[in-house]
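Chemist: Input structure: final.pdb, which contains PDB, C-alpha atoms.
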```pdb
MODEL        1
ATOM      1  CA  MET A 115       0.582  12.347   3.506  1.00  0.00           C
ATOM      2  CA  TYR A 116      -2.877  13.216   4.808  1.00  0.00           C
ATOM      3  CA  ALA A 117      -1.576  16.530   6.147  1.00  0.00           C
ATOM      4  CA  LYS A 118      -0.127  17.294   2.744  1.00  0.00           C
ATOM      5  CA  CYS A 119      -3.438  16.377   1.125  1.00  0.00           C
ATOM      6  CA  GLY A 120      -5.348  18.813   3.325  1.00  0.00           C
ATOM      7  CA  ILE A 121      -2.847  21.582   2.653  1.00  0.00           C
ATOM      8  CA  VAL A 122      -2.891  20.958  -1.064  1.00  0.00           C
ATOM      9  CA  HIS A 123      -6.687  20.862  -1.190  1.00  0.00           C
ATOM     10  CA  SER A 124      -6.736  24.267   0.460  1.00  0.00           C
ATOM     11  CA  ILE A 125      -4.446  25.517  -2.320  1.00  0.00           C
ATOM     12  CA  ILE A 126      -6.887  24.472  -5.050  1.00  0.00           C
ATOM     13  CA  GLY A 127      -9.988  25.421  -3.131  1.00  0.00           C
ATOM     14  CA  GLY A 128     -11.179  21.969  -2.145  1.00  0.00           C
ATOM     15  CA  ARG A 129     -11.619  20.344   1.252  1.00  0.00           C
ATOM     16  CA  GLY A 130     -10.157  16.934   0.572  1.00  0.00           C
ATOM     17  CA  ARG A 131     -11.556  13.451   0.479  1.00  0.00           C
ATOM     18  CA  GLU A 132     -14.209  14.313   3.058  1.00  0.00           C
ATOM     19  CA  ARG A 133     -15.700  16.772   0.606  1.00  0.00           C
ATOM     20  CA  LEU A 134     -15.689  14.179  -2.157  1.00  0.00           C
ATOM     21  CA  LEU A 135     -17.579  11.736   0.032  1.00  0.00           C
ATOM     22  CA  ALA A 136     -20.054  14.396   1.199  1.00  0.00           C
ATOM     23  CA  GLU A 137     -20.653  15.626  -2.355  1.00  0.00           C
ATOM     24  CA  GLU A 138     -21.503  12.098  -3.523  1.00  0.00           C
ATOM     25  CA  GLN A 139     -24.678  12.458  -1.469  1.00  0.00           C
ATOM     26  CA  ARG A 140     -25.763  15.612  -3.352  1.00  0.00           C
ATOM     27  CA  GLY A 141     -26.016  14.306  -6.888  1.00  0.00           C
ATOM     28  CA  PRO A 142     -24.056  13.698 -10.068  1.00  0.00           C
ATOM     29  CA  GLN A 143     -23.096  17.290 -10.971  1.00  0.00           C
ATOM     30  CA  SER A 144     -21.769  18.051  -7.526  1.00  0.00           C
ATOM     31  CA  LYS A 145     -20.000  14.695  -7.386  1.00  0.00           C
ATOM     32  CA  ASP A 146     -18.355  15.263 -10.794  1.00  0.00           C
ATOM     33  CA  ARG A 147     -17.074  18.708  -9.817  1.00  0.00           C
ATOM     34  CA  CYS A 148     -15.645  17.392  -6.585  1.00  0.00           C
ATOM     35  CA  ALA A 149     -14.118  14.350  -8.304  1.00  0.00           C
ATOM     36  CA  GLN A 150     -12.292  16.703 -10.678  1.00  0.00           C
ATOM     37  CA  GLU A 151     -10.909  18.662  -7.741  1.00  0.00           C
ATOM     38  CA  PHE A 152      -9.873  15.455  -5.986  1.00  0.00           C
ATOM     39  CA  ALA A 153      -8.145  14.180  -9.147  1.00  0.00           C
ATOM     40  CA  ALA A 154      -6.389  17.519  -9.516  1.00  0.00           C
ATOM     41  CA  SER A 155      -5.171  17.244  -5.949  1.00  0.00           C
ATOM     42  CA  SER A 156      -3.232  14.086  -6.794  1.00  0.00           C
ATOM     43  CA  ILE A 157      -1.421  16.069  -9.452  1.00  0.00           C
ATOM     44  CA  VAL A 158      -0.906  18.933  -7.035  1.00  0.00           C
ATOM     45  CA  LEU A 159       0.617  16.546  -4.496  1.00  0.00           C
ATOM     46  CA  ALA A 160       3.237  15.669  -7.075  1.00  0.00           C
ATOM     47  CA  ALA A 161       3.759  19.373  -7.723  1.00  0.00           C
ATOM     48  CA  VAL A 162       4.354  20.262  -4.089  1.00  0.00           C
ATOM     49  CA  ASP A 163       8.070  20.349  -3.505  1.00  0.00           C
ATOM     50  CA  ASN A 164       8.177  20.850   0.226  1.00  0.00           C
ATOM     51  CA  VAL A 165       5.798  21.251   3.135  1.00  0.00           C
ATOM     52  CA  GLN A 166       7.283  22.722   6.292  1.00  0.00           C
ATOM     53  CA  HIS A 167       5.488  23.052   9.591  1.00  0.00           C
ATOM     54  CA  THR A 168       6.429  26.469  10.935  1.00  0.00           C
ATOM     55  CA  GLY A 169       4.655  26.182  14.266  1.00  0.00           C
ATOM     56  CA  ASN A 170       1.382  27.695  15.452  1.00  0.00           C
ATOM     57  CA  GLY A 171      -0.469  25.231  13.209  1.00  0.00           C
ATOM     58  CA  ARG A 172       0.791  26.884  10.019  1.00  0.00           C
ATOM     59  CA  GLU A 173       2.511  25.276   7.104  1.00  0.00           C
ATOM     60  CA  ARG A 174       4.599  26.748   4.347  1.00  0.00           C
ATOM     61  CA  VAL A 175       4.138  25.107   0.958  1.00  0.00           C
ATOM     62  CA  GLU A 176       6.676  25.516  -1.798  1.00  0.00           C
ATOM     63  CA  ARG A 177       5.322  24.703  -5.225  1.00  0.00           C
ATOM     64  CA  ARG A 178       7.404  23.655  -8.168  1.00  0.00           C
ATOM     65  CA  ALA A 179       7.631  26.080 -11.029  1.00  0.00           C
ATOM     66  CA  ASP A 180       7.582  23.229 -13.549  1.00  0.00           C
ATOM     67  CA  VAL A 181       3.865  22.454 -13.157  1.00  0.00           C
ATOM     68  CA  GLU A 182       1.164  24.865 -14.298  1.00  0.00           C
ATOM     69  CA  PHE A 183      -2.523  24.107 -13.919  1.00  0.00           C
ATOM     70  CA  LEU A 184      -4.547  24.884 -17.037  1.00  0.00           C
ATOM     71  CA  SER A 185      -7.797  23.577 -15.521  1.00  0.00           C
ATOM     72  CA  PRO A 186      -8.678  21.523 -12.447  1.00  0.00           C
ATOM     73  CA  SER A 187      -7.913  18.316 -14.363  1.00  0.00           C
ATOM     74  CA  VAL A 188      -5.131  19.289 -16.783  1.00  0.00           C
ATOM     75  CA  CYS A 189      -1.646  20.523 -16.037  1.00  0.00           C
ATOM     76  CA  ARG A 190       1.335  21.583 -18.089  1.00  0.00           C
ATOM     77  CA  CYS A 191       4.445  19.651 -17.095  1.00  0.00           C
ATOM     78  CA  ARG A 192       7.894  21.134 -17.780  1.00  0.00           C
ATOM     79  CA  GLY A 193      10.511  19.435 -15.589  1.00  0.00           C
ATOM     80  CA  GLU A 194      12.098  15.998 -15.713  1.00  0.00           C
ATOM     81  CA  ALA A 195      11.499  15.233 -12.016  1.00  0.00           C
ATOM     82  CA  THR A 196       7.845  16.143 -12.405  1.00  0.00           C
ATOM     83  CA  TRP A 197       7.611  14.037 -15.577  1.00  0.00           C
ATOM     84  CA  LYS A 198       8.861  11.037 -13.612  1.00  0.00           C
ATOM     85  CA  GLU A 199       6.307  11.577 -10.846  1.00  0.00           C
ATOM     86  CA  LEU A 200       3.341  12.382 -13.085  1.00  0.00           C
ATOM     87  CA  VAL A 201       3.976   9.975 -15.972  1.00  0.00           C
ATOM     88  CA  LEU A 202       6.523   7.250 -15.303  1.00  0.00           C
ATOM     89  CA  ASP A 203       5.394   6.436 -11.755  1.00  0.00           C
ATOM     90  CA  CYS A 204       1.666   6.679 -12.551  1.00  0.00           C
ATOM     91  CA  ASP A 205      -0.499   3.557 -12.232  1.00  0.00           C
ATOM     92  CA  ILE A 206      -3.307   4.879 -14.442  1.00  0.00           C
ATOM     93  CA  PRO A 207      -3.072   5.713 -18.165  1.00  0.00           C
ATOM     94  CA  VAL A 208      -1.588   9.122 -18.924  1.00  0.00           C
ATOM     95  CA  LEU A 209      -2.717  11.181 -21.896  1.00  0.00           C
ATOM     96  CA  VAL A 210       0.002  13.638 -22.955  1.00  0.00           C
ATOM     97  CA  ASP A 211      -0.770  16.357 -25.485  1.00  0.00           C
ATOM     98  CA  PHE A 212       2.453  17.480 -27.216  1.00  0.00           C
ATOM     99  CA  TRP A 213       1.697  20.945 -28.560  1.00  0.00           C
ATOM    100  CA  ALA A 214       3.106  24.377 -29.436  1.00  0.00           C
ATOM    101  CA  PRO A 215       1.474  27.813 -29.174  1.00  0.00           C
ATOM    102  CA  TRP A 216       1.810  28.506 -32.925  1.00  0.00           C
ATOM    103  CA  CYS A 217       0.216  25.177 -33.987  1.00  0.00           C
ATOM    104  CA  GLY A 218      -3.315  25.403 -35.436  1.00  0.00           C
ATOM    105  CA  PRO A 219      -4.252  21.720 -34.956  1.00  0.00           C
ATOM    106  CA  CYS A 220      -2.980  21.993 -31.362  1.00  0.00           C
ATOM    107  CA  ARG A 221      -5.459  24.787 -30.671  1.00  0.00           C
ATOM    108  CA  THR A 222      -8.208  22.640 -32.196  1.00  0.00           C
ATOM    109  CA  ILE A 223      -7.500  19.588 -30.050  1.00  0.00           C
ATOM    110  CA  ALA A 224      -6.810  21.434 -26.758  1.00  0.00           C
ATOM    111  CA  PRO A 225     -10.502  21.733 -25.749  1.00  0.00           C
ATOM    112  CA  LEU A 226     -10.994  18.022 -26.499  1.00  0.00           C
ATOM    113  CA  VAL A 227      -8.153  17.119 -24.137  1.00  0.00           C
ATOM    114  CA  ASP A 228      -9.818  19.287 -21.481  1.00  0.00           C
ATOM    115  CA  GLU A 229     -13.122  17.447 -22.049  1.00  0.00           C
ATOM    116  CA  LEU A 230     -11.413  14.064 -21.752  1.00  0.00           C
ATOM    117  CA  ALA A 231      -9.756  15.164 -18.511  1.00  0.00           C
ATOM    118  CA  LYS A 232     -13.201  15.872 -17.064  1.00  0.00           C
ATOM    119  CA  LEU A 233     -14.770  12.748 -18.548  1.00  0.00           C
ATOM    120  CA  TYR A 234     -12.063  10.438 -17.196  1.00  0.00           C
ATOM    121  CA  ALA A 235     -11.248  12.218 -13.927  1.00  0.00           C
ATOM    122  CA  ARG A 236      -9.433   9.824 -11.551  1.00  0.00           C
ATOM    123  CA  ARG A 237      -9.111   7.188 -14.317  1.00  0.00           C
ATOM    124  CA  VAL A 238      -6.771   8.987 -16.737  1.00  0.00           C
ATOM    125  CA  ARG A 239      -4.211  11.696 -16.014  1.00  0.00           C
ATOM    126  CA  CYS A 240      -4.034  14.434 -18.671  1.00  0.00           C
ATOM    127  CA  LEU A 241      -0.901  16.510 -19.218  1.00  0.00           C
ATOM    128  CA  LYS A 242       0.274  18.994 -21.807  1.00  0.00           C
ATOM    129  CA  ARG A 243       3.895  19.323 -22.896  1.00  0.00           C
ATOM    130  CA  ASN A 244       5.016  22.331 -24.966  1.00  0.00           C
ATOM    131  CA  THR A 245       7.459  21.034 -27.585  1.00  0.00           C
ATOM    132  CA  ASP A 246       9.077  24.466 -27.926  1.00  0.00           C
ATOM    133  CA  GLU A 247       9.933  24.485 -24.206  1.00  0.00           C
ATOM    134  CA  SER A 248      11.035  20.845 -23.995  1.00  0.00           C
ATOM    135  CA  PRO A 249      12.049  19.469 -27.400  1.00  0.00           C
ATOM    136  CA  ASN A 250      14.095  16.652 -25.829  1.00  0.00           C
ATOM    137  CA  LYS A 251      11.002  14.961 -24.398  1.00  0.00           C
ATOM    138  CA  ALA A 252       9.287  15.117 -27.803  1.00  0.00           C
ATOM    139  CA  THR A 253      12.368  13.585 -29.422  1.00  0.00           C
ATOM    140  CA  GLU A 254      12.553  10.888 -26.735  1.00  0.00           C
ATOM    141  CA  TYR A 255       9.010   9.760 -27.592  1.00  0.00           C
ATOM    142  CA  GLY A 256       9.482  10.026 -31.364  1.00  0.00           C
ATOM    143  CA  ILE A 257       7.206  13.029 -31.865  1.00  0.00           C
ATOM    144  CA  ARG A 258       7.734  14.207 -35.461  1.00  0.00           C
ATOM    145  CA  SER A 259       4.703  16.437 -35.900  1.00  0.00           C
ATOM    146  CA  ILE A 260       2.257  18.189 -33.647  1.00  0.00           C
ATOM    147  CA  SER A 261      -0.380  18.016 -32.425  1.00  0.00           C
ATOM    148  CA  THR A 262       0.435  14.540 -31.145  1.00  0.00           C
ATOM    149  CA  VAL A 263      -1.408  12.972 -28.235  1.00  0.00           C
ATOM    150  CA  LEU A 264       0.325  10.020 -26.605  1.00  0.00           C
ATOM    151  CA  ILE A 265      -1.284   7.516 -24.315  1.00  0.00           C
ATOM    152  CA  LEU A 266       1.248   6.100 -21.885  1.00  0.00           C
ATOM    153  CA  LYS A 267       0.864   3.407 -19.291  1.00  0.00           C
ATOM    154  CA  ARG A 268       3.575   3.215 -16.617  1.00  0.00           C
ATOM    155  CA  GLY A 269       5.737   5.329 -18.913  1.00  0.00           C
ATOM    156  CA  GLU A 270       5.394   2.992 -21.882  1.00  0.00           C
ATOM    157  CA  LYS A 271       4.024   4.440 -25.110  1.00  0.00           C
ATOM    158  CA  LYS A 272       0.787   2.614 -25.953  1.00  0.00           C
ATOM    159  CA  ASP A 273      -0.801   4.799 -28.631  1.00  0.00           C
ATOM    160  CA  ALA A 274      -0.136   7.967 -30.612  1.00  0.00           C
ATOM    161  CA  ILE A 275      -2.818  10.131 -32.198  1.00  0.00           C
ATOM    162  CA  VAL A 276      -1.442  12.674 -34.663  1.00  0.00           C
ATOM    163  CA  GLY A 277      -3.245  15.774 -35.897  1.00  0.00           C
ATOM    164  CA  ALA A 278      -6.598  17.349 -35.183  1.00  0.00           C
ATOM    165  CA  VAL A 279      -8.881  14.367 -34.651  1.00  0.00           C
ATOM    166  CA  SER A 280     -12.415  14.004 -33.356  1.00  0.00           C
ATOM    167  CA  LYS A 281     -13.364  13.500 -29.732  1.00  0.00           C
ATOM    168  CA  ALA A 282     -14.637  10.024 -30.656  1.00  0.00           C
ATOM    169  CA  THR A 283     -11.180   9.067 -31.939  1.00  0.00           C
ATOM    170  CA  LEU A 284      -9.544  10.211 -28.705  1.00  0.00           C
ATOM    171  CA  VAL A 285     -12.171   8.472 -26.566  1.00  0.00           C
ATOM    172  CA  ALA A 286     -11.716   5.196 -28.483  1.00  0.00           C
ATOM    173  CA  SER A 287      -7.954   5.340 -27.950  1.00  0.00           C
ATOM    174  CA  VAL A 288      -8.264   6.080 -24.235  1.00  0.00           C
ATOM    175  CA  GLU A 289     -10.906   3.386 -23.688  1.00  0.00           C
ATOM    176  CA  LYS A 290      -8.534   0.679 -24.967  1.00  0.00           C
ATOM    177  CA  TYR A 291      -6.152   1.256 -22.062  1.00  0.00           C
ATOM    178  CA  LEU A 292      -8.488   1.760 -19.121  1.00  0.00           C
ATOM    179  CA  ASP A 293      -8.376  -0.855 -16.393  1.00  0.00           C
ATOM    180  CA  ARG A 294     -11.785  -2.392 -16.085  1.00  0.00           C
TER     181      ARG A 294
ENDMDL
END
```
Could you spell out this file's structure in structure tokens?
Modeler:
Amino acid sequence: MYAKCGIVHSIIGGRGRERLLAEEQRGPQSKDRCAQEFAASSIVLAAVDNVQHTGNGRERVERRADVEFLSPSVCRCRGEATWKELVLDCDIPVLVDFWAPWCGPCRTIAPLVDELAKLYARRVRCLKRNTDESPNKATEYGIRSISTVLILKRGEKKDAIVGAVSKATLVASVEKYLDR
């Protein structure tokens, strides 16, 4: 697992847990940036399909096509296997933004989801799911209109926020489900 972590951190431009610990010494901005990269690496680990050691100290990493990183803290999840790993098997709350490219309210709320991903790095996992690409998942969770943001805990639907809402509304919903 540690070898995978080092490989994956090199993919996203980080240097792993050691960097996180070293950056804590440098101040809050540096620590926050590194924490975001470290949180992203846990998502990347779930997105790495296979790591093969090819000899001469080199590894070949195959990445799944069903995960796309929109920022260091937010990814777009397409596949069922990835959904299981990123949402159902997750011990922290998961915020899922169900959206579509043609949806005006979705474009309004997207930057707020990005802000929450940074604000709650390592405490909340943020994903985006395009309802045009995967309508079955939206149906499974009872999504009838978009933009809908779900808060899930261990795969169980805890809260649903529908429409373009304020950051304060999203923060209040997330705060209810954080482990203290």
Chemist: Rank A:Ala278, A:Val208, A:Leu264, A:Leu241 by their smallest atom-to-atom distance to A:Arg221, using only C-alpha atoms, and report the top residue only.
Modeler: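 So, comparing all the options, the nearest one is A:Ala278.
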Chemist: Could you list as a list in words every residue that has an atom within 7 Å of (-2.6, 9.1, -19.9), using the file's coordinates and counting only C-alpha atoms?
Modeler: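 I get Ile206, Pro207, Val208, Leu209, Val210, Val238, Arg239, Cys240, Ile265, Leu266 and Lys267 of chain A for the residues within 7 Å of that point.
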Chemist: What is the distance, in Å and to one decimal place, between atom CA of A:Asp293 and atom CA of A:Ala252?
Modeler: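 We find that atom CA of A:Asp293 and atom CA of A:Ala252 lie 26.4 Å from each other.
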Chemist: Quick one: residues within 6 Å of A:Ala214, all atoms listed in the file counted, chain neighbours fewer than 3 positions away excluded, as a PyMOL selection string?
Modeler: chain A and resi 217+244-245
Chemist: Which residues are near A:Ser259? Cut-off 12 Å, all atoms listed in the file, ignore same chain within fewer than 3 positions. Put them as JSON, numbers by chain.
Modeler: {"A": [211, 212, 213, 214, 217, 219, 220, 245, 249, 252, 253, 255, 256, 262, 263, 274, 275, 276, 277, 278]}
Chemist: Point out the residue among A:Ile257, A:Ala235, A:Ile223, A:Val188 with the least atom-to-atom distance to A:Leu200, counting all atoms listed in the file.
Modeler: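 Of A:Ile257, A:Ala235, A:Ile223, A:Val188, the one nearest A:Leu200, counting all atoms listed in the file, is A:Val188.
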Chemist: Smallest atom-to-atom distance to A:Arg237: which of A:Glu199, A:Glu254, A:Asp205, A:Asp273, using only C-alpha atoms?
Modeler: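 Closest to A:Arg237, using only C-alpha atoms: A:Asp205.
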